[in-house]
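Below is one structure, written out as structure tokens; comments come after it.
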Amino acid sequence: MDDDGITYVKRGNNVTFSYEDGSDRFQRGELGLSNSYLCGNLNYYGSSMISSIDFYFKGIEQVQNTEMGGRAITNQTSTRKLIEKRLKINFNGSRQIKDFPFKFPLPSNLSSSFKITNQNNLTQLIGQINYTLRATIHTTNIFHPKDNAEINCPLEQVLFRNNIPNINVDGTYNDPRDNEPLFDYSFQIPEYLGLGSQIIVPINVTFNDTGIRIVRIEISLKRVTEISFERSESPLKSVQKCRTVRKDPSKIINNKLSQELPLSIPRKLHTSYSGMYINIHYKLCISFLLTGKEDLDSDFYQEQDVIVANIQDQTDDRSFIQSENDFSRPHSTNLINEARSDEARSDNADEFTVQERHEHDFLVQEHRRSNSQSRTSTSSNRENL
């Protein structure tokens, strides 16, 4: 299925896709951060003259599951179209083309691609956000009037970091037996966690009962995945700890414990997502193993919802889509559907006339000049997990 890392949904007889020289992906620009495109080359190996080329881009949210119940096998599948966009290029008279460089504009609010597999069977796909691009070449050959090929196009959404807000979590922990206060606590938890980054969570504990002590501190990141189906009221739910760090407590001074808890966020995680059938959310969890009280059978546990995203620093003067005072947020599928009103719900394709063809050529040339800059954009959610 793969040619040079390109996965085909449908192969053409004489049509293939290829990356631009020096590139290993079609996406250019950071979704949610700057103008983004699918850029590459369409290769035609036939001898016929070409009159036009149609491009069709589609994104779906899809879930599926197979349940075995005795002799009965139940298959559940639900699919939702997130986005579709067409682009038609008409040539001024038919011509023979072997390699056609394309630049397909993308909406800015598309979510990152991902795949969710069964933890017990990694080859079994449960859910995915997937994007495809199909190209159809129309020829003057009456026996073979058209040829097409379709490929998967993994995408990555990027958020820029500009003063990530902290969530203040504080309260009093009471003895579960008699409701007497044992200690007061306060944490500062970042609202956004970047893939591949390390966070520091400051904690402060003031003991009201001097007999109680903390033996061990644990900080962890928990992922909760929910898969729903149209004809089922009970969603599939899985909870997984992605990373855990255990620390000995710092020295207690004047009945107070102050400590910073480090946690590295794995790079190969699905980003937070909220859709019709798929919901992926994360919780940052802090727990204390307690001692000093007889028959105390309950330890301290606190969790806070956080957002895991592909985050980059603001290191240049690019024109951001968001205001510099705002922090871009992962988009839900509702926002995607709102954006479809002007560019995806209609079956009318964006069409290049003869005059507009010159503008497309100019864009491709400008894109080639900026390739070296575009390739410096790195991302950390590239794999479909």
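We label chains A, B, ... in the order they appear in the structure tokens, count residues from 1 in each chain, and number ligands from 1 in the order shown.
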
Close residues, Leu42 (chain A) itself excluded, 9 Å, only C-alpha atoms, min 6 positions apart in chain, as an mmCIF file with C-alpha atoms, in the first residue's frame:
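Output (out-v3.cif):
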data_model
loop_
_atom_site.group_PDB
_atom_site.id
_atom_site.type_symbol
_atom_site.label_atom_id
_atom_site.label_comp_id
_atom_site.auth_asym_id
_atom_site.auth_seq_id
_atom_site.Cartn_x
_atom_site.Cartn_y
_atom_site.Cartn_z
ATOM 1 C CA VAL A 15 -1.487 8.451 -11.870
ATOM 2 C CA THR A 16 0.653 8.669 -8.727
ATOM 3 C CA PHE A 17 1.452 11.228 -6.047
ATOM 4 C CA SER A 18 4.911 12.221 -4.866
ATOM 5 C CA TYR A 19 6.342 14.555 -2.252
ATOM 6 C CA LYS A 98 3.960 14.454 -16.795
ATOM 7 C CA ASP A 99 4.466 16.207 -13.452
ATOM 8 C CA PHE A 100 1.998 18.720 -12.059
ATOM 9 C CA PRO A 101 2.941 20.575 -8.822
ATOM 10 C CA PHE A 102 -0.163 21.282 -6.756
ATOM 11 C CA ALA A 135 -6.964 13.620 -7.924
#

Item checked: One-decimal distance in Å that lies between CA of Asp54 (chain A) and CA of His138 (chain A) ->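 Going from CA of His138 (chain A) over to CA of Asp54 (chain A), I get 8.0 Å.
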
Next item on the list: Might you pull out every residue within 7 Å of region 149-165 of chain A, with only C-alpha atoms counted and same-chain residues fewer than 3 positions away left off, and present them as JSON, numbers by chain?
Entry: {"A": [7, 8, 9, 10, 11, 12, 15, 16, 26, 27, 30, 31, 32, 33, 110, 111, 112, 113, 130, 131, 132, 133, 134, 135, 136, 190, 191, 192, 309, 310, 311, 312, 313, 314, 327, 328, 329, 381, 382]}

Expected file: the selected residues, N, CA and C atoms, as a tab-separated table (two decimals), in the first residue's frame:
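Result file follows (result-v5.tsv):
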chain	number	residue	atom	x	y	z
A	7	THR	N	0.55	6.41	1.50
A	7	THR	CA	-0.43	5.34	1.58
A	7	THR	C	-1.59	5.63	0.63
A	8	TYR	N	-1.83	4.71	-0.27
A	8	TYR	CA	-2.88	4.89	-1.27
A	8	TYR	C	-4.19	4.26	-0.80
A	9	VAL	N	-5.27	5.01	-0.94
A	9	VAL	CA	-6.61	4.46	-0.76
A	9	VAL	C	-7.04	3.78	-2.06
A	10	LYS	N	-6.69	4.41	-3.18
A	10	LYS	CA	-6.96	3.85	-4.51
A	10	LYS	C	-5.82	4.22	-5.43
A	11	ARG	N	-5.31	3.24	-6.12
A	11	ARG	CA	-4.23	3.48	-7.08
A	11	ARG	C	-4.81	3.75	-8.47
A	12	GLY	N	-4.16	4.63	-9.20
A	12	GLY	CA	-4.56	4.89	-10.57
A	12	GLY	C	-3.75	4.05	-11.54
A	15	VAL	N	-1.57	7.27	-12.73
A	15	VAL	CA	-1.49	8.45	-11.87
A	15	VAL	C	-0.89	8.08	-10.52
A	16	THR	N	0.09	8.84	-10.06
A	16	THR	CA	0.65	8.67	-8.73
A	16	THR	C	0.88	10.04	-8.10
A	26	PHE	N	2.90	15.91	2.94
A	26	PHE	CA	2.22	16.83	2.04
A	26	PHE	C	1.83	18.13	2.73
A	27	GLN	N	1.66	18.11	4.05
A	27	GLN	CA	1.21	19.31	4.75
A	27	GLN	C	2.31	20.36	4.78
A	30	GLU	N	1.33	25.29	9.59
A	30	GLU	CA	0.81	24.69	10.82
A	30	GLU	C	-0.67	24.99	10.94
A	31	LEU	N	-1.49	23.94	10.94
A	31	LEU	CA	-2.93	24.12	11.10
A	31	LEU	C	-3.21	24.84	12.41
A	32	GLY	N	-4.01	25.88	12.35
A	32	GLY	CA	-4.35	26.66	13.53
A	32	GLY	C	-3.35	27.74	13.84
A	33	LEU	N	-2.20	27.74	13.17
A	33	LEU	CA	-1.14	28.71	13.47
A	33	LEU	C	-0.83	29.60	12.28
A	110	LEU	N	-8.85	22.40	11.21
A	110	LEU	CA	-8.93	20.95	11.16
A	110	LEU	C	-8.15	20.34	12.32
A	111	SER	N	-8.67	19.27	12.87
A	111	SER	CA	-7.99	18.58	13.96
A	111	SER	C	-6.89	17.69	13.42
A	112	SER	N	-5.98	17.30	14.29
A	112	SER	CA	-4.91	16.38	13.90
A	112	SER	C	-5.48	15.01	13.58
A	113	SER	N	-4.82	14.32	12.66
A	113	SER	CA	-5.18	12.94	12.36
A	113	SER	C	-4.74	12.04	13.52
A	130	ASN	N	-9.37	10.84	9.88
A	130	ASN	CA	-8.57	10.55	8.69
A	130	ASN	C	-8.93	11.52	7.57
A	131	TYR	N	-7.88	11.93	6.83
A	131	TYR	CA	-8.06	12.85	5.70
A	131	TYR	C	-7.51	12.19	4.44
A	132	THR	N	-8.21	12.39	3.33
A	132	THR	CA	-7.78	11.83	2.05
A	132	THR	C	-7.82	12.91	0.97
A	133	LEU	N	-6.99	12.73	-0.04
A	133	LEU	CA	-6.97	13.62	-1.21
A	133	LEU	C	-7.05	12.77	-2.46
A	134	ARG	N	-8.03	13.08	-3.31
A	134	ARG	CA	-8.19	12.36	-4.57
A	134	ARG	C	-7.95	13.31	-5.73
A	135	ALA	N	-7.21	12.84	-6.71
A	135	ALA	CA	-6.96	13.62	-7.92
A	135	ALA	C	-7.51	12.85	-9.12
A	136	THR	N	-8.27	13.54	-9.96
A	136	THR	CA	-8.82	12.93	-11.17
A	136	THR	C	-8.32	13.71	-12.38
A	190	PRO	N	-0.68	23.54	34.90
A	190	PRO	CA	-0.87	24.20	33.60
A	190	PRO	C	-2.10	23.64	32.88
A	191	GLU	N	-2.85	24.53	32.25
A	191	GLU	CA	-4.07	24.10	31.56
A	191	GLU	C	-3.75	23.31	30.30
A	192	TYR	N	-2.62	23.62	29.66
A	192	TYR	CA	-2.21	22.96	28.42
A	192	TYR	C	-0.91	22.22	28.65
A	309	ALA	N	-1.86	18.99	23.72
A	309	ALA	CA	-1.85	19.55	22.36
A	309	ALA	C	-0.43	19.57	21.82
A	310	ASN	N	-0.34	19.74	20.51
A	310	ASN	CA	0.94	19.90	19.84
A	310	ASN	C	1.29	21.39	19.88
A	311	ILE	N	2.20	21.78	20.75
A	311	ILE	CA	2.46	23.19	21.04
A	311	ILE	C	3.84	23.58	20.54
A	312	GLN	N	3.91	24.77	19.95
A	312	GLN	CA	5.19	25.34	19.53
A	312	GLN	C	5.34	26.72	20.13
A	313	ASP	N	6.59	27.09	20.38
A	313	ASP	CA	6.87	28.43	20.88
A	313	ASP	C	6.65	29.45	19.78
A	314	GLN	N	6.31	30.66	20.17
A	314	GLN	CA	6.24	31.78	19.22
A	314	GLN	C	7.65	32.35	19.09
A	327	PHE	N	-4.69	32.40	23.47
A	327	PHE	CA	-4.04	31.10	23.32
A	327	PHE	C	-4.94	30.25	22.46
A	328	SER	N	-4.43	29.80	21.32
A	328	SER	CA	-5.26	29.01	20.42
A	328	SER	C	-5.63	27.70	21.07
A	329	ARG	N	-6.87	27.27	20.85
A	329	ARG	CA	-7.38	26.07	21.49
A	329	ARG	C	-7.68	25.00	20.44
A	381	ASN	N	3.38	15.00	16.41
A	381	ASN	CA	2.27	14.07	16.44
A	381	ASN	C	2.12	13.42	15.08
A	382	ARG	N	3.27	13.15	14.41
A	382	ARG	CA	3.25	12.76	13.01
A	382	ARG	C	2.67	11.37	12.82

Next item on the list: For Thr140 (chain A), list every protein, DNA or RNA residue within 10 Å, evaluated using only C-alpha atoms, and leave out those in the same chain fewer than 5 positions away; present the list as a ChimeraX atom specification.
Entry: /A:48-52,94-95,145-146

Check: Any idea what's packed within 7 Å of Gly292 (chain A), counting only C-alpha atoms, ignoring anything in its chain fewer than 4 positions away? Could you give it as a ChimeraX atom specification?
Finding: /A:211-213

Next item on the list: Provide the CA of Gln128 (chain A) to CA of Ser78 (chain A) distance in Å, to one decimal place.
Entry: 10.9 Å

Check: Which polymer residues have any atom within 7 Å of an atom of Thr225 (chain A), counting only C-alpha atoms, with same-chain residues fewer than 6 positions away left out, as a list in words?
Finding: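 The residues that qualify are Lys237, Ser238, Val239, Asn279, Ile280 and His281 of chain A.
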
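By only C-alpha atoms, and with residues fewer than 4 positions from region 240-253 of chain A along its chain excluded, the set lying at most 9 Å from it is Ile214, Val215, Arg216, Ile217, Glu218, Ile219, Ser220, Leu221, Lys222, Arg223, Val224, Thr225, Leu257, Ser258, Gln259, Leu261, Pro262, Leu263, Ser264, Ile265, Pro266 and Leu269 of chain A.
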
Note to self: DSSP on the backbone, strand (DSSP E) only: what residues of region 97-202 of chain A does that give? Format it as a PyMOL selection string.
What the structure shows: chain A and resi 99-106+114-118+121-139+146-152+159-161+166-174+181-190+192-194+198-202

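Note that CA of Val63 (chain A) and CA of Ile126 (chain A) are 5.5 Å apart.
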
Notebook entry, point to check: Between A:Asn254, A:Ser197, A:Ser232, A:Ser23, which one has atoms that come closest to Asn75 (chain A), using only C-alpha atoms?
Noted result: A:Ser232
